[in-house]
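Below is target_31.cif, which holds mmCIF, C-alpha atoms.
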```
data_target
#
loop_
_atom_site.label_atom_id
_atom_site.label_comp_id
_atom_site.auth_asym_id
_atom_site.auth_seq_id
_atom_site.Cartn_x
_atom_site.Cartn_y
_atom_site.Cartn_z
CA MET W 1 15.80 85.58 -60.86
CA LYS W 2 12.49 87.37 -60.99
CA ILE W 3 13.94 90.43 -59.32
CA SER W 4 16.95 90.61 -61.57
CA SER W 5 14.82 90.38 -64.72
CA ARG W 6 12.66 93.15 -63.34
CA MET W 7 15.75 95.21 -62.67
CA PHE W 8 16.89 94.51 -66.20
CA ALA W 9 13.54 95.68 -67.56
CA GLY W 10 13.82 98.77 -65.39
CA SER W 11 17.24 99.66 -66.71
CA CYS W 12 16.01 99.05 -70.27
CA LEU W 13 13.20 101.53 -69.66
CA LEU W 14 15.66 103.99 -68.21
CA ALA W 15 17.95 103.57 -71.21
CA MET W 16 14.98 104.09 -73.54
CA SER W 17 13.92 107.27 -71.80
CA LEU W 18 17.49 108.54 -71.83
CA SER W 19 17.85 107.76 -75.52
CA SER W 20 14.57 109.52 -76.29
CA ALA W 21 15.81 112.54 -74.35
CA ALA W 22 18.92 112.49 -76.52
CA ALA W 23 16.83 112.43 -79.71
CA ALA W 24 16.12 116.14 -79.39
CA THR W 25 14.81 118.22 -82.24
CA HIS W 26 17.23 120.15 -84.41
CA LEU W 27 14.66 122.94 -84.79
CA LYS W 28 15.06 126.17 -82.82
CA VAL W 29 12.79 128.99 -81.77
CA GLY W 30 12.77 131.47 -84.65
CA ASP W 31 13.09 128.78 -87.34
CA MET W 32 10.40 128.49 -89.99
CA ALA W 33 8.13 125.55 -89.16
CA PRO W 34 8.54 122.84 -91.83
CA ASP W 35 5.37 122.88 -93.94
CA PHE W 36 3.27 119.74 -94.31
CA THR W 37 -0.04 118.38 -95.51
CA LEU W 38 -1.40 115.40 -93.57
CA PRO W 39 -4.66 113.44 -93.54
CA SER W 40 -6.73 114.29 -90.47
CA THR W 41 -9.70 113.14 -88.40
CA THR W 42 -11.76 115.97 -89.98
CA GLY W 43 -11.89 113.88 -93.17
CA LYS W 44 -9.89 116.51 -95.02
CA PRO W 45 -6.12 116.91 -95.30
CA ILE W 46 -4.64 119.72 -93.18
CA HIS W 47 -2.04 121.99 -94.71
CA LEU W 48 0.02 123.95 -92.18
CA ALA W 49 0.54 126.93 -94.53
CA ASP W 50 -3.26 127.42 -94.71
CA TYR W 51 -3.07 128.99 -91.23
CA ARG W 52 -0.44 131.51 -92.34
CA GLY W 53 -1.59 135.06 -91.61
CA LYS W 54 -4.69 133.75 -89.83
CA LYS W 55 -3.96 131.71 -86.74
CA ASN W 56 -1.20 130.59 -84.43
CA VAL W 57 -0.83 126.82 -84.48
CA VAL W 58 0.04 124.43 -81.67
CA LEU W 59 1.53 121.21 -83.03
CA ALA W 60 1.25 118.58 -80.33
CA PHE W 61 3.20 115.48 -81.31
CA PHE W 62 2.08 112.52 -79.23
CA VAL W 63 3.56 109.07 -78.97
CA LEU W 64 0.61 106.83 -79.84
CA ALA W 65 -3.16 106.87 -79.61
CA PHE W 66 -4.62 105.26 -76.50
CA THR W 67 -1.66 106.37 -74.40
CA GLY W 68 -1.58 109.11 -71.79
CA GLY W 69 -0.41 112.63 -72.60
CA MET X 1 -4.25 115.13 -75.62
CA LYS X 2 -6.79 115.18 -72.83
CA ALA X 3 -5.10 118.21 -71.26
CA TYR X 4 -5.15 120.01 -74.60
CA GLN X 5 -8.84 119.30 -74.99
CA ALA X 6 -9.45 120.68 -71.49
CA GLY X 7 -7.52 123.85 -72.39
CA LEU X 8 -8.99 124.17 -75.89
CA ALA X 9 -11.17 127.21 -75.15
CA LYS X 10 -8.11 129.14 -73.94
CA PHE X 11 -6.21 128.38 -77.13
CA GLU X 12 -9.21 129.35 -79.24
CA ALA X 13 -9.52 132.61 -77.33
CA ASN X 14 -5.96 133.36 -78.40
CA ASN X 15 -6.76 132.68 -82.06
CA THR X 16 -4.83 129.42 -81.98
CA GLN X 17 -5.48 126.17 -83.80
CA VAL X 18 -4.49 123.02 -81.90
CA LEU X 19 -3.37 120.05 -84.01
CA GLY X 20 -2.42 116.66 -82.58
CA ILE X 21 0.01 114.58 -84.65
CA SER X 22 1.05 110.94 -84.31
CA VAL X 23 2.14 108.04 -86.50
CA ASP X 24 -1.20 106.27 -85.94
CA SER X 25 -3.55 105.53 -88.83
CA ILE X 26 -6.67 107.65 -89.36
CA PRO X 27 -9.12 104.93 -88.18
CA THR X 28 -7.12 104.56 -84.95
CA LEU X 29 -7.06 108.33 -84.41
CA GLN X 30 -10.78 108.66 -85.11
CA HIS X 31 -11.59 105.95 -82.61
CA TRP X 32 -9.38 107.52 -79.96
CA ALA X 33 -10.64 111.07 -80.60
CA GLN X 34 -14.16 109.81 -80.07
CA GLU X 35 -13.24 107.99 -76.90
CA LEU X 36 -11.42 111.02 -75.44
CA GLY X 37 -13.89 113.58 -76.78
CA VAL X 38 -11.14 115.47 -78.59
CA ALA X 39 -12.67 118.28 -80.67
CA PHE X 40 -9.50 119.44 -82.44
CA PRO X 41 -8.09 117.64 -85.51
CA LEU X 42 -5.71 114.72 -85.07
CA LEU X 43 -3.28 114.29 -87.96
CA SER X 44 -1.88 111.00 -89.20
CA ASP X 45 1.82 110.88 -90.00
CA PHE X 46 1.36 107.17 -90.61
CA VAL X 47 2.59 106.75 -94.18
CA ASN X 48 6.26 107.67 -93.96
CA ARG X 49 6.72 109.50 -90.63
CA LYS X 50 7.92 112.42 -92.73
CA VAL X 51 6.57 115.22 -90.56
CA ALA X 52 7.86 113.77 -87.28
CA THR X 53 11.23 113.31 -88.97
CA GLU X 54 11.28 116.87 -90.32
CA TYR X 55 10.49 118.20 -86.86
CA GLY X 56 13.23 116.03 -85.36
CA VAL X 57 10.87 114.17 -83.02
CA PHE X 58 10.79 110.77 -84.72
CA ASN X 59 12.57 108.03 -82.84
CA PRO X 60 13.52 105.41 -85.46
CA GLU X 61 14.51 102.84 -82.82
CA ARG X 62 11.04 102.86 -81.33
CA GLY X 63 9.14 103.58 -84.54
CA PHE X 64 7.11 106.48 -83.24
CA ALA X 65 7.39 110.15 -82.34
CA THR X 66 8.46 111.43 -78.94
CA ARG X 67 6.17 113.82 -77.07
CA ALA X 68 6.82 117.36 -78.25
CA THR X 69 4.94 120.61 -78.69
CA PHE X 70 5.73 123.37 -81.17
CA VAL X 71 3.97 126.73 -81.21
CA VAL X 72 3.97 128.29 -84.69
CA ASP X 73 3.04 131.96 -85.12
CA LYS X 74 1.00 133.46 -87.96
CA GLU X 75 4.13 134.03 -90.01
CA GLY X 76 4.93 130.31 -89.86
CA ARG X 77 7.81 130.76 -87.44
CA ILE X 78 8.42 128.52 -84.42
CA GLN X 79 7.95 130.51 -81.21
CA HIS X 80 8.03 127.84 -78.53
CA ILE X 81 9.38 124.29 -78.27
CA GLU X 82 8.79 121.77 -75.51
CA GLU X 83 9.97 118.17 -75.52
CA GLY X 84 9.42 115.17 -73.31
CA GLN X 85 7.09 114.83 -70.37
CA THR X 86 6.66 118.58 -69.79
CA ALA X 87 5.03 118.86 -73.24
CA ILE X 88 2.02 116.98 -71.84
CA ASP X 89 1.05 120.08 -69.86
CA PRO X 90 -0.31 122.69 -72.29
CA SER X 91 0.10 125.68 -69.95
CA ALA X 92 3.49 126.86 -71.31
CA ALA X 93 2.20 126.58 -74.89
CA ASP X 94 -0.89 128.48 -73.82
CA THR X 95 1.23 131.27 -72.32
CA ALA X 96 3.25 131.44 -75.56
CA CYS X 97 0.05 131.77 -77.63
CA SER X 98 -1.34 134.41 -75.34
CA ARG X 99 1.91 136.38 -75.69
CA LEU X 100 1.76 136.10 -79.50
CA GLU X 101 -1.82 137.26 -79.64
CA HIS X 102 -1.26 140.24 -77.35
CA LYS X 103 2.05 141.54 -78.58
#
```
Output the file's structure as structure tokens, nothing else.
Amino acid sequence: MKISSRMFAGSCLLAMSLSSAAAATHLKVGDMAPDFTLPSTTGKPIHLADYRGKKNVVLAFFVLAFTGG
Amino acid sequence: MKAYQAGLAKFEANNTQVLGISVDSIPTLQHWAQELGVAFPLLSDFVNRKVATEYGVFNPERGFATRATFVVDKEGRIQHIEEGQTAIDPSAADTACSRLEHK
């Protein structure tokens, strides 16, 4: 019983990772990056367009704080 | 985010701003940034998950964003996209930034 519930959990995890792989972005290389303003840990909001003409920007979306990656 | 912090000097050398984004609240992000020693800004898409949705990385079933990296050039155009586990490693994003800065 224990093993089968573990297997069930395993297949759930697999299904979750497969479904997250399916939820791929619609954006493509060459598209304009959607602009945004978000509150940040600097204490000030960050506006993507403020970097226009000045810096390249790496947007690293991560799942949740206190997780790896 | 740890790997990005480790590679931060490289990104800065290529005139690149690194921004981390999640659906966590600001207090959570501040706490975590302190714990990890992350020196670049972490952004909170907590209120309505709008940005993750606009970038197509929000997973409504799970309630948070999937791991993804977008490199945006100075004109505001997307130059590099990575999704899933490979996005944890910043080296491809770093190569893309280096290419942008030296073209």
Next on the checklist: Applying 6 Å and only C-alpha atoms, which residues near W:Val58 remain after dropping the ones on its own chain fewer than 2 positions away? List them as JSON, numbers by chain.
Outcome noted: {"X": [18, 70, 71]}
Selected residues, C-alpha atoms, written as a PDB file, keeping the file's coordinate frame, please.
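This is the output file selection-v1.pdb:
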```
ATOM      1  CA  VAL X  18      -4.490 123.020 -81.900  1.00  0.00           C
ATOM      2  CA  PHE X  70       5.730 123.370 -81.170  1.00  0.00           C
ATOM      3  CA  VAL X  71       3.970 126.730 -81.210  1.00  0.00           C
TER       4      VAL X  71
END
```
Next on the checklist: If I take atom CA of W:Val57 and atom CA of X:Asp73, how far is one from the other in Å, to one decimal?
Outcome noted: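 Rounded to one decimal, the two atoms are 6.5 Å apart.
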Next on the checklist: Given the PyMOL selection byres ((chain W) within 8 of (chain X)) and the file above, list the residues it selects as a VMD selection string.
Outcome noted: chain W and resid 20 to 21 23 to 34 36 38 to 42 46 49 51 to 66 68 to 69
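Atom pair atom CA of W:His47 / atom CA of X:Lys10 has a distance of 22.8 Å (rounded to one decimal).
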Item to check | d(atom CA of W:Asp35, atom CA of W:Leu48) in Å | outcome: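 Going from atom CA of W:Asp35 over to atom CA of W:Leu48 covers 5.7 Å.
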Can you report as JSON the centre and edge lengths in Å, to one decimal, of an axis-aligned box around the listed atoms of stretch 43-48 of chain X padded with 4 Å on each side?
```
{"center_x": 1.5, "center_y": 110.5, "center_z": -91.1, "size_x": 17.5, "size_y": 15.5, "size_z": 14.2}
```
